[in-house]
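Here is the structure we will look at, set down as structure tokens.
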Amino acid sequence: MLDTSLIGKASDILRNGGIVVFPTETVYGIGASAYNDKAIRRIFSIKSRPHNNPLIVHVSTLEQVNLITTNIPKPVKNLMATFWPGPLTIILPRSSRISHLVTGNLTTVAVRMPDHPIASMLIRSLGEPIAAPSANRSGRPSPTNIEHVRRELGEDVDMVLDGGMCRIGLESTVIDMSTDIPCILRSGAITKNMIQSTIGQITLHNPSHEIIESKSPGMQYRHYAPNFRIIPVPPNTWVQTMHKWRNSNKHIGILCHQTAVKDESVSFYRHIPGTHEEYAKGLFAAFLDAETEHIDILLVETVPEQGVGIAIMDRIRRAQTYDK
Ligand code: TXA
Ligand code: MG
């Protein structure tokens, strides 16, 4: 695990315009000082990220939120008090302190206070917010352990802080609080019900809704796709599914959850039993591990779309769009 003296070194790098990969409770982030445009440009370039896809600004204090936004209405204060630090990103009107580069020219900014000792220490040590997208190249699954970070980004960053495996494994819930009716733009571990019990009625982003699409530019892109095809498998259909694929000429992988599928013939096998939260935690890591086995197809067990299951199914669907 981490030697805390490394935090000082990492914040010096950020202060001098460098790029540091750091762990959060959700996934690893590739970070730069939110106030350094040159470093922000480098993040876009390393990720090959389209410039209209804005970054999340990570804070460690509410004063930092006050600096980068214009005003914080009561319901937003309630959200922050309830879920921060934690995996909830809040979209608010931006102040002029934050550059157009970070916000992709939008009038809003995405803010989040991560719940991870290394992330919080790093922001505190820098004394400035850190803009950080997930530490993957654009369109790829987000890394949740250090091996996957290194494989994805290699030598392109100035420093990598090792925090072991991320506790949640899926990116934060993104909620737009800049509109009259709050709307979840990306599902995560903090669910619609959890948010509604704090601030009342909200809506859930519908991917076919054009206005929302243009509001959260990141949602337009193919996401989380590994280098093989993904086929979702409802738990009660494993027998037929294995019958269909076992004797095909494809290299098959299995990622199962409630069902301990038994099959000796596959090239990659991962069983993540337990709760849906445990499945969520291991999902991207399984995708990235499966890549090294050179499979053609990964059969992935589905979960009911409730609670964190909504976020799990969202990521499985997005990963499916890869066309080999
Ligand atoms: O868990 C997480 O959120 C991780 C860790 C590192 O904090 N970060 C992360 O960042 O997932 P990224 O850049 O991979 O995803 C940010 C998402 C994108 O879909 C982006 O379009 C959206 O948030 N976003 C950022 N700023 C926005 C804004 N002002 N309005 C609407 N959507 C925004
Ligand atoms: Mg991302």
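The chains in the structure tokens are called A, B, ... from first to last as shown; in each chain the residues are counted from 1, and the ligands are counted from 1 in the order shown.
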Inset, instruction - Check every protein, DNA and RNA residue against ligand 2, keep those with an atom at most 10 Å away (counting only C-alpha atoms and all ligand atoms), and present them as a ChimeraX atom specification. - result: /A:27-30,47,49,53,55-56,132-143,170-172,218-219,223-224
Inset, instruction - Check stretch 134-288 of chain A with DSSP on the backbone and list each residue it calls strand (DSSP E), as a ChimeraX atom specification. - result: /A:159-160,173-176,183-186,203-204,229-233,252-256,268-271
Legend entry - Nearest residue to ligand 1 from the set A:Leu88, A:Val266, A:Ile40, A:Val157 (distances using only C-alpha atoms and all ligand atoms): A:Leu88
Inset, instruction - For stretch 301-304 of chain A, list every protein, DNA or RNA residue within 7 Å, evaluated using only C-alpha atoms, and leave out those in the same chain fewer than 4 positions away; present the list as a list in words. - result: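 Selected residues are Pro232, Val233, Pro234, Pro235, Leu255, Cys256, His257, Gly309 and Met313 of chain A.
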Inset, instruction - Extract the full set of helix (DSSP H, G or I) residues from stretch 91-177 of chain A according to DSSP on the backbone, and format it as JSON, numbers by chain. - result: {"A": [100, 101, 102, 103, 117, 118, 119, 120, 121, 122, 123, 124, 125, 126, 146, 147, 148, 149, 150, 151, 152, 153]}
Legend entry - A:His205, A:Lys77, A:His243, A:His251 ranked by distance to ligand 1, top pick (using only C-alpha atoms and all ligand atoms): A:His205
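Closest to ligand 1 among A:Val261, A:Ile91, A:Ile310, A:Ile231 is A:Ile91, based on only C-alpha atoms and all ligand atoms.
Rounded to one decimal, atom CA of A:Arg229 and atom CA of A:Arg317 lie 11.1 Å from each other.
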